[in-house]
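Step one of this worksheet: look at the structure below.
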Amino acid sequence: MPNLSLPTGLLAELTYRCPLQCPYCYNPLELTKADKDLDTAAWLSVFEQAADLGVLHVHLSGGEPTLRPDLEELVACLANRGVYTNLITAAVNISKERLQGLKDVGLNHVQISFQSLDKDRADNLSQYKGGLAKKIEAAKWLREIGLPLTVNVPFHRNNLDELDGIIDMSVDLGAHRIEIAQVQYYGWALLNRAALMPTREQVAEAMEIADAAKKKYLGILNIDHVITDYYAKYPKPCMGGWGAEIINITPDGRVMPCHAAGTIPGLEFDRVPDTPLKQIWEMSSAFQKFRGFDWMVEPCRSCDRKEIDFGGCRCQAMALTGDAAQADPACTLSPHHERMRDMAVEEAAVEGGEVPFTYRKIGSLGDGV
Amino acid sequence: MDVQTTRVIISSAVRPKLRPYVHMRRDDLRGNWVLLSPERIMTLDEVARAILKLCDGKQSVDEIAVNLAKAFQAPKDVIEADVTEFLQELADQLLID
């Protein structure tokens with residue numbers, strides 16, 4: 001059995017409800033309804049167990065986590081245990097008073113997602129009118145209150161032309177950090193890939209802009225830039241390795257090694273609070289499945305990078321090769337890599353706007369669950 | 001919180017302290033100290049912990065180096081160069097000011 005580490009981070013998807021309908025949402029296509037959401041007592045129990053297990057960071061996410069009226073109680077519980085809390089929000093339905101209240105009970109950091117600096121583009125991408133102004137207002141409140149802000153911007157071919165402007169805006173807003181998150185293709189983003197995929201030229205230009213900004217804003221703004229896997233040379237070290245650092249919990253309490261793990265057929269996910277979190281982390285079949293290196297096939301098995309990137313992402317291998325144990329095709333060493341890149345180049349060649357989006361919505365695909 | 005427009009440069013006279021949103025805590029399960037900040041966990045070794053313990057906003061880098069030179073029985077100028085380099089890295093990651 002591979003060496004068992006302690007988990008450092010927990011992504012808590014508190015609800016799938018969200019006022020926005022971004023077509024690149026990383027949430028699964030089958031979004032459970034609010035009546036399945038874990039109640040307050042269940043989350044409090046999970047967070048206590050997570051702290052006992054060694055979790056240091058909890059990311060309160062969704063959907064839109066501020067739709068939960070018990071958010072303050074959950075933050076207070078985590079703060080009490082010395083766990084660092086990160087609120088990941090669209091920030092279109094939160095007041096200054098509530099943000100202050102969350103800080104007062106111990107919230108440490110807020111991440112606000114932006115779609116675009118162009119009002120019409122932002123409205124169109126999120127299918128929500130007037131969101132941009134609300135987000136900017138919330139960012140200013142954070143500065144007044146004294147909570148650090150991460151500006152998170154998913155980039156794709158329809159907004160990559162805004163990159164330098166958005167970095168400058170982040171500095172003006174007094175942000176701590178910007179996450180330039182070129183869209184990765186899972187969930188709704190995979191469904192909308194043809195409408196989102198940037199060109200190779202766009203990605204190359206973005207790298208130049210981000211690198212220049214890192215120098216210009218050294219010690220002023222932390223800049224994290226992740227390019228789309230489709231144009232990468234090596235895969236990302238997804239989740240720091242399967243079942244090695246991160247726990248993801250869905251609104252209805254399914255515990256997963258990654259937020260997209262539900263797309264891998266045959267994996268069964270135990271639930272909290274019915275099953276203790278420690279037992280799930282240490283022994284559940286889903287967490288054991290790709291832990292360590294024994295599951296690997298070539299070219300990963302004998303690769304000297306296997307302890308650097310762990311063969312990349314299992315969910316992407318599944319989506320693009322039909323076998324979750326294959327090397328992530330984002331890797332140039334994968335026999336599927338060329339096909340992946342050709343697909344990206346081909347899809348990106350369509351002018352933006354010509355491919356319609358399928359917007360994120362609960363119950364819009366199939367029967368819902 | 002004011003908008004920061006310039007990089008913090010660590011020099012002898014600077015009196016460094018952790019930024020208010022950075023938490024230094026003991027991690028009993030792993031048996032070490034950690035620095036928690038937005039999206040970032042830094043494990044602190046003994047030396048890093050010793051330096052940051054002295055970053056209280058009152059002592060200057062010069063004074064911190066004198067203290068550490070005594071504690072580790074090493075030449076002060078060598079210690080100060082190491083401390084300055086380490087703190088500059090942390091300043092550039094917006095962890096101290």
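Residues in the structure tokens are numbered from 1 in each chain, the chains being A, B, ... in the order shown, and ligands are numbered from 1 in the order shown.
Near region 62-76 of chain B, within 9 Å and counting only C-alpha atoms, sit Ser11, Ser12, Ala13, Val14, Arg15, Ala50, Ile51, Leu54, Cys55, Glu80, Ala81 and Val83 of chain B, not including residues fewer than 4 positions from it in the same chain.
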Those residues with C-alpha atoms, as an mmCIF file, in the first residue's frame please?
data_model
loop_
_atom_site.group_PDB
_atom_site.id
_atom_site.type_symbol
_atom_site.label_atom_id
_atom_site.label_comp_id
_atom_site.auth_asym_id
_atom_site.auth_seq_id
_atom_site.Cartn_x
_atom_site.Cartn_y
_atom_site.Cartn_z
ATOM 1 C CA SER B 11 16.975 46.278 4.634
ATOM 2 C CA SER B 12 18.705 46.415 8.039
ATOM 3 C CA ALA B 13 16.409 49.110 9.314
ATOM 4 C CA VAL B 14 13.113 47.505 8.295
ATOM 5 C CA ARG B 15 10.994 46.181 11.179
ATOM 6 C CA ALA B 50 13.175 31.203 14.617
ATOM 7 C CA ILE B 51 13.377 34.147 12.201
ATOM 8 C CA LEU B 54 11.277 37.626 15.926
ATOM 9 C CA CYS B 55 9.354 39.441 13.179
ATOM 10 C CA GLU B 80 21.893 38.954 8.321
ATOM 11 C CA ALA B 81 22.489 38.134 4.657
ATOM 12 C CA VAL B 83 17.721 36.539 6.964
#
Residue list for chain B near chain A as a ChimeraX atom specification, 10 Å, only C-alpha atoms | /B:1-9,20-30,34,36-41,88-97
Keeping only N, CA and C atoms, write the selected residues as an mmCIF file, in the first residue's frame.
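Done, and the output landed in part.cif:
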data_model
loop_
_atom_site.group_PDB
_atom_site.id
_atom_site.type_symbol
_atom_site.label_atom_id
_atom_site.label_comp_id
_atom_site.auth_asym_id
_atom_site.auth_seq_id
_atom_site.Cartn_x
_atom_site.Cartn_y
_atom_site.Cartn_z
ATOM 1 N N MET B 1 -7.394 48.689 4.736
ATOM 2 C CA MET B 1 -6.174 48.296 4.024
ATOM 3 C C MET B 1 -5.967 49.228 2.836
ATOM 4 N N ASP B 2 -4.775 49.801 2.749
ATOM 5 C CA ASP B 2 -4.482 50.673 1.626
ATOM 6 C C ASP B 2 -4.041 49.848 0.428
ATOM 7 N N VAL B 3 -4.203 50.413 -0.756
ATOM 8 C CA VAL B 3 -3.694 49.750 -1.940
ATOM 9 C C VAL B 3 -2.182 49.893 -1.947
ATOM 10 N N GLN B 4 -1.513 48.768 -2.105
ATOM 11 C CA GLN B 4 -0.052 48.793 -2.103
ATOM 12 C C GLN B 4 0.452 49.038 -3.516
ATOM 13 N N THR B 5 1.330 50.033 -3.661
ATOM 14 C CA THR B 5 1.787 50.360 -5.009
ATOM 15 C C THR B 5 3.281 50.130 -5.210
ATOM 16 N N THR B 6 3.997 49.859 -4.111
ATOM 17 C CA THR B 6 5.426 49.603 -4.269
ATOM 18 C C THR B 6 5.829 48.320 -3.548
ATOM 19 N N ARG B 7 6.910 47.741 -4.015
ATOM 20 C CA ARG B 7 7.448 46.523 -3.429
ATOM 21 C C ARG B 7 8.145 46.859 -2.110
ATOM 22 N N VAL B 8 7.935 46.034 -1.104
ATOM 23 C CA VAL B 8 8.641 46.198 0.166
ATOM 24 C C VAL B 8 10.064 45.650 0.002
ATOM 25 N N ILE B 9 11.042 46.508 0.255
ATOM 26 C CA ILE B 9 12.444 46.067 0.165
ATOM 27 C C ILE B 9 12.984 45.874 1.585
ATOM 28 N N PRO B 20 -1.436 40.952 8.339
ATOM 29 C CA PRO B 20 -2.504 40.543 9.267
ATOM 30 C C PRO B 20 -3.249 39.269 8.854
ATOM 31 N N TYR B 21 -3.257 38.969 7.576
ATOM 32 C CA TYR B 21 -4.008 37.792 7.131
ATOM 33 C C TYR B 21 -3.152 36.525 7.104
ATOM 34 N N VAL B 22 -1.897 36.633 7.538
ATOM 35 C CA VAL B 22 -1.008 35.462 7.541
ATOM 36 C C VAL B 22 -0.977 34.862 8.939
ATOM 37 N N HIS B 23 -1.227 33.577 9.019
ATOM 38 C CA HIS B 23 -1.275 32.914 10.327
ATOM 39 C C HIS B 23 -0.116 31.934 10.468
ATOM 40 N N MET B 24 0.624 32.084 11.577
ATOM 41 C CA MET B 24 1.667 31.115 11.878
ATOM 42 C C MET B 24 1.135 30.238 13.000
ATOM 43 N N ARG B 25 1.109 28.947 12.757
ATOM 44 C CA ARG B 25 0.605 28.064 13.818
ATOM 45 C C ARG B 25 1.360 26.749 13.856
ATOM 46 N N ARG B 26 1.254 26.132 14.979
ATOM 47 C CA ARG B 26 1.834 24.822 15.186
ATOM 48 C C ARG B 26 0.913 23.800 14.527
ATOM 49 N N ASP B 27 1.509 22.830 13.845
ATOM 50 C CA ASP B 27 0.745 21.738 13.245
ATOM 51 C C ASP B 27 1.149 20.460 13.981
ATOM 52 N N ASP B 28 0.381 20.140 14.999
ATOM 53 C CA ASP B 28 0.767 19.035 15.882
ATOM 54 C C ASP B 28 0.815 17.688 15.160
ATOM 55 N N LEU B 29 -0.130 17.483 14.248
ATOM 56 C CA LEU B 29 -0.186 16.184 13.573
ATOM 57 C C LEU B 29 1.071 15.910 12.760
ATOM 58 N N ARG B 30 1.619 16.968 12.160
ATOM 59 C CA ARG B 30 2.822 16.788 11.331
ATOM 60 C C ARG B 30 4.094 17.137 12.104
ATOM 61 N N VAL B 34 3.629 25.910 10.579
ATOM 62 C CA VAL B 34 3.227 26.262 9.214
ATOM 63 C C VAL B 34 2.820 27.728 9.145
ATOM 64 N N LEU B 36 0.203 29.947 7.166
ATOM 65 C CA LEU B 36 -0.999 29.832 6.330
ATOM 66 C C LEU B 36 -1.345 31.193 5.748
ATOM 67 N N SER B 37 -1.607 31.214 4.457
ATOM 68 C CA SER B 37 -1.995 32.451 3.770
ATOM 69 C C SER B 37 -2.890 32.058 2.606
ATOM 70 N N PRO B 38 -3.463 33.045 1.895
ATOM 71 C CA PRO B 38 -4.388 32.685 0.814
ATOM 72 C C PRO B 38 -3.801 31.681 -0.170
ATOM 73 N N GLU B 39 -4.420 30.526 -0.260
ATOM 74 C CA GLU B 39 -4.074 29.472 -1.218
ATOM 75 C C GLU B 39 -2.650 28.952 -1.035
ATOM 76 N N ARG B 40 -2.076 29.112 0.147
ATOM 77 C CA ARG B 40 -0.667 28.804 0.298
ATOM 78 C C ARG B 40 -0.409 28.243 1.700
ATOM 79 N N ILE B 41 0.334 27.153 1.739
ATOM 80 C CA ILE B 41 0.778 26.590 3.012
ATOM 81 C C ILE B 41 2.288 26.465 2.940
ATOM 82 N N GLN B 88 13.058 38.797 2.158
ATOM 83 C CA GLN B 88 12.705 39.420 0.874
ATOM 84 C C GLN B 88 11.799 38.497 0.066
ATOM 85 N N GLU B 89 12.113 37.194 0.110
ATOM 86 C CA GLU B 89 11.246 36.229 -0.576
ATOM 87 C C GLU B 89 9.823 36.286 -0.019
ATOM 88 N N LEU B 90 9.723 36.346 1.288
ATOM 89 C CA LEU B 90 8.402 36.404 1.916
ATOM 90 C C LEU B 90 7.697 37.727 1.615
ATOM 91 N N ALA B 91 8.459 38.799 1.584
ATOM 92 C CA ALA B 91 7.866 40.104 1.248
ATOM 93 C C ALA B 91 7.335 40.077 -0.181
ATOM 94 N N ASP B 92 8.088 39.436 -1.072
ATOM 95 C CA ASP B 92 7.676 39.383 -2.477
ATOM 96 C C ASP B 92 6.453 38.498 -2.683
ATOM 97 N N GLN B 93 6.176 37.643 -1.708
ATOM 98 C CA GLN B 93 4.953 36.825 -1.768
ATOM 99 C C GLN B 93 3.841 37.449 -0.927
ATOM 100 N N LEU B 94 4.060 38.684 -0.501
ATOM 101 C CA LEU B 94 3.065 39.451 0.274
ATOM 102 C C LEU B 94 2.730 38.775 1.606
ATOM 103 N N LEU B 95 3.703 38.146 2.207
ATOM 104 C CA LEU B 95 3.471 37.492 3.494
ATOM 105 C C LEU B 95 3.908 38.364 4.666
ATOM 106 N N ILE B 96 4.912 39.207 4.442
ATOM 107 C CA ILE B 96 5.336 40.127 5.496
ATOM 108 C C ILE B 96 5.441 41.531 4.928
ATOM 109 N N ASP B 97 5.455 42.497 5.805
ATOM 110 C CA ASP B 97 5.757 43.870 5.365
ATOM 111 C C ASP B 97 6.439 44.605 6.497
#
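Look at Pro273 (chain A): the protein and nucleic acid residues within 9 Å of it, using only C-alpha atoms and passing over chain neighbours fewer than 3 places away, are Leu38, Ala42, Trp43, Ser45, Val46, Gly253, Pro276 and Leu277 of chain A.
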Which residues, written as a PyMOL selection string, have at least one atom at most 10 Å from region 326-331 of chain A, with only C-alpha atoms counted and residues fewer than 4 positions away on the same chain left out?
-> chain A and resi 228-236+238+295-301+306+309-322+335-341
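Backbone DSSP over region 152-219 of chain A yields strand (DSSP E) at Asn152, Val153, Pro154, Phe155, Arg177, Ile178, Glu179, Ile180, Ala181 and Gln182 of chain A.
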Separation of CA of Trp242 (chain A) from CA of Ser284 (chain A), in Å and rounded to one decimal |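 These two atoms are separated by 12.6 Å.
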Measure the distance from CA of Lys17 (chain B) to CA of Thr89 (chain A) in Å and round it to one decimal.
-> 29.3 Å
Long-range neighbours of Leu132 (chain A) as a PyMOL selection string, 12 Å cut-off, only C-alpha atoms, 2 positions minimum in chain = chain A and resi 20+90-93+112-130+134-139
Export of prior selection with N, CA and C atoms as a short mmCIF file (atom, residue, chain, number, x, y, z; two decimals), in the first residue's frame:
data_model
loop_
_atom_site.label_atom_id
_atom_site.label_comp_id
_atom_site.auth_asym_id
_atom_site.auth_seq_id
_atom_site.Cartn_x
_atom_site.Cartn_y
_atom_site.Cartn_z
N LEU A 20 -25.29 32.72 -11.08
CA LEU A 20 -24.67 32.82 -12.40
C LEU A 20 -24.80 31.49 -13.15
N ALA A 90 -19.18 34.43 -6.15
CA ALA A 90 -19.44 35.29 -7.30
C ALA A 90 -19.62 36.74 -6.83
N ALA A 91 -19.91 36.91 -5.54
CA ALA A 91 -20.04 38.23 -4.91
C ALA A 91 -21.09 39.13 -5.55
N VAL A 92 -22.19 38.53 -6.00
CA VAL A 92 -23.27 39.38 -6.54
C VAL A 92 -24.45 39.49 -5.57
N ASN A 93 -24.40 38.74 -4.47
CA ASN A 93 -25.55 38.78 -3.56
C ASN A 93 -25.09 38.86 -2.11
N ILE A 112 -13.02 36.26 -5.46
CA ILE A 112 -14.16 36.68 -6.29
C ILE A 112 -13.86 36.35 -7.75
N SER A 113 -14.83 35.72 -8.39
CA SER A 113 -14.67 35.39 -9.80
C SER A 113 -15.13 36.55 -10.66
N PHE A 114 -14.39 36.84 -11.70
CA PHE A 114 -14.79 37.84 -12.69
C PHE A 114 -14.89 37.15 -14.05
N GLN A 115 -15.87 37.56 -14.84
CA GLN A 115 -16.03 36.96 -16.17
C GLN A 115 -15.37 37.81 -17.25
N SER A 116 -15.49 39.15 -17.06
CA SER A 116 -14.98 40.08 -18.07
C SER A 116 -15.05 41.48 -17.49
N LEU A 117 -14.24 42.39 -18.04
CA LEU A 117 -14.33 43.80 -17.62
C LEU A 117 -15.32 44.56 -18.48
N ASP A 118 -15.81 43.90 -19.50
CA ASP A 118 -16.81 44.50 -20.37
C ASP A 118 -18.18 44.07 -19.86
N LYS A 119 -18.99 45.07 -19.52
CA LYS A 119 -20.27 44.80 -18.87
C LYS A 119 -21.14 43.83 -19.67
N ASP A 120 -21.23 44.08 -20.97
CA ASP A 120 -22.10 43.24 -21.79
C ASP A 120 -21.56 41.81 -21.91
N ARG A 121 -20.24 41.73 -22.07
CA ARG A 121 -19.62 40.40 -22.12
C ARG A 121 -19.86 39.65 -20.81
N ALA A 122 -19.67 40.37 -19.70
CA ALA A 122 -19.83 39.73 -18.39
C ALA A 122 -21.27 39.26 -18.21
N ASP A 123 -22.20 40.12 -18.56
CA ASP A 123 -23.62 39.75 -18.45
C ASP A 123 -23.93 38.52 -19.30
N ASN A 124 -23.37 38.52 -20.50
CA ASN A 124 -23.64 37.43 -21.41
C ASN A 124 -23.03 36.11 -20.93
N LEU A 125 -21.78 36.17 -20.48
CA LEU A 125 -21.12 34.94 -20.02
C LEU A 125 -21.80 34.35 -18.79
N SER A 126 -22.21 35.23 -17.88
CA SER A 126 -22.77 34.74 -16.62
C SER A 126 -24.29 34.61 -16.68
N GLN A 127 -24.90 35.19 -17.74
CA GLN A 127 -26.37 35.22 -17.83
C GLN A 127 -26.96 35.89 -16.59
N TYR A 128 -26.28 36.95 -16.14
CA TYR A 128 -26.72 37.68 -14.95
C TYR A 128 -26.44 39.15 -15.21
N LYS A 129 -27.48 39.97 -15.08
CA LYS A 129 -27.32 41.39 -15.42
C LYS A 129 -26.70 42.20 -14.28
N GLY A 130 -25.70 42.99 -14.63
CA GLY A 130 -25.14 43.93 -13.65
C GLY A 130 -24.19 43.31 -12.64
N LYS A 134 -21.35 44.90 -9.20
CA LYS A 134 -21.48 44.36 -7.84
C LYS A 134 -20.17 43.75 -7.36
N LYS A 135 -19.50 43.06 -8.26
CA LYS A 135 -18.22 42.41 -7.89
C LYS A 135 -17.17 43.46 -7.53
N ILE A 136 -17.12 44.53 -8.33
CA ILE A 136 -16.14 45.58 -8.06
C ILE A 136 -16.45 46.25 -6.72
N GLU A 137 -17.73 46.46 -6.47
CA GLU A 137 -18.13 47.06 -5.19
C GLU A 137 -17.72 46.15 -4.03
N ALA A 138 -17.97 44.85 -4.17
CA ALA A 138 -17.62 43.90 -3.10
C ALA A 138 -16.11 43.88 -2.88
N ALA A 139 -15.35 43.97 -3.97
CA ALA A 139 -13.88 43.98 -3.84
C ALA A 139 -13.43 45.19 -3.04
#
Compile the contact shell of Ile308 (chain A) as a list in words: residues with an atom at most 9 Å away, counting only C-alpha atoms, same-chain residues fewer than 4 positions apart removed.
->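 Everything that qualifies: Lys236, Pro237, Gly240 and Asp304 of chain A.
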Show which residues sit within 9 Å of Leu267 (chain A), as JSON, numbers by chain. Count only C-alpha atoms, and ignore same-chain residues fewer than 3 positions away.
-> {"A": [261, 262, 263, 264, 285, 286, 289]}
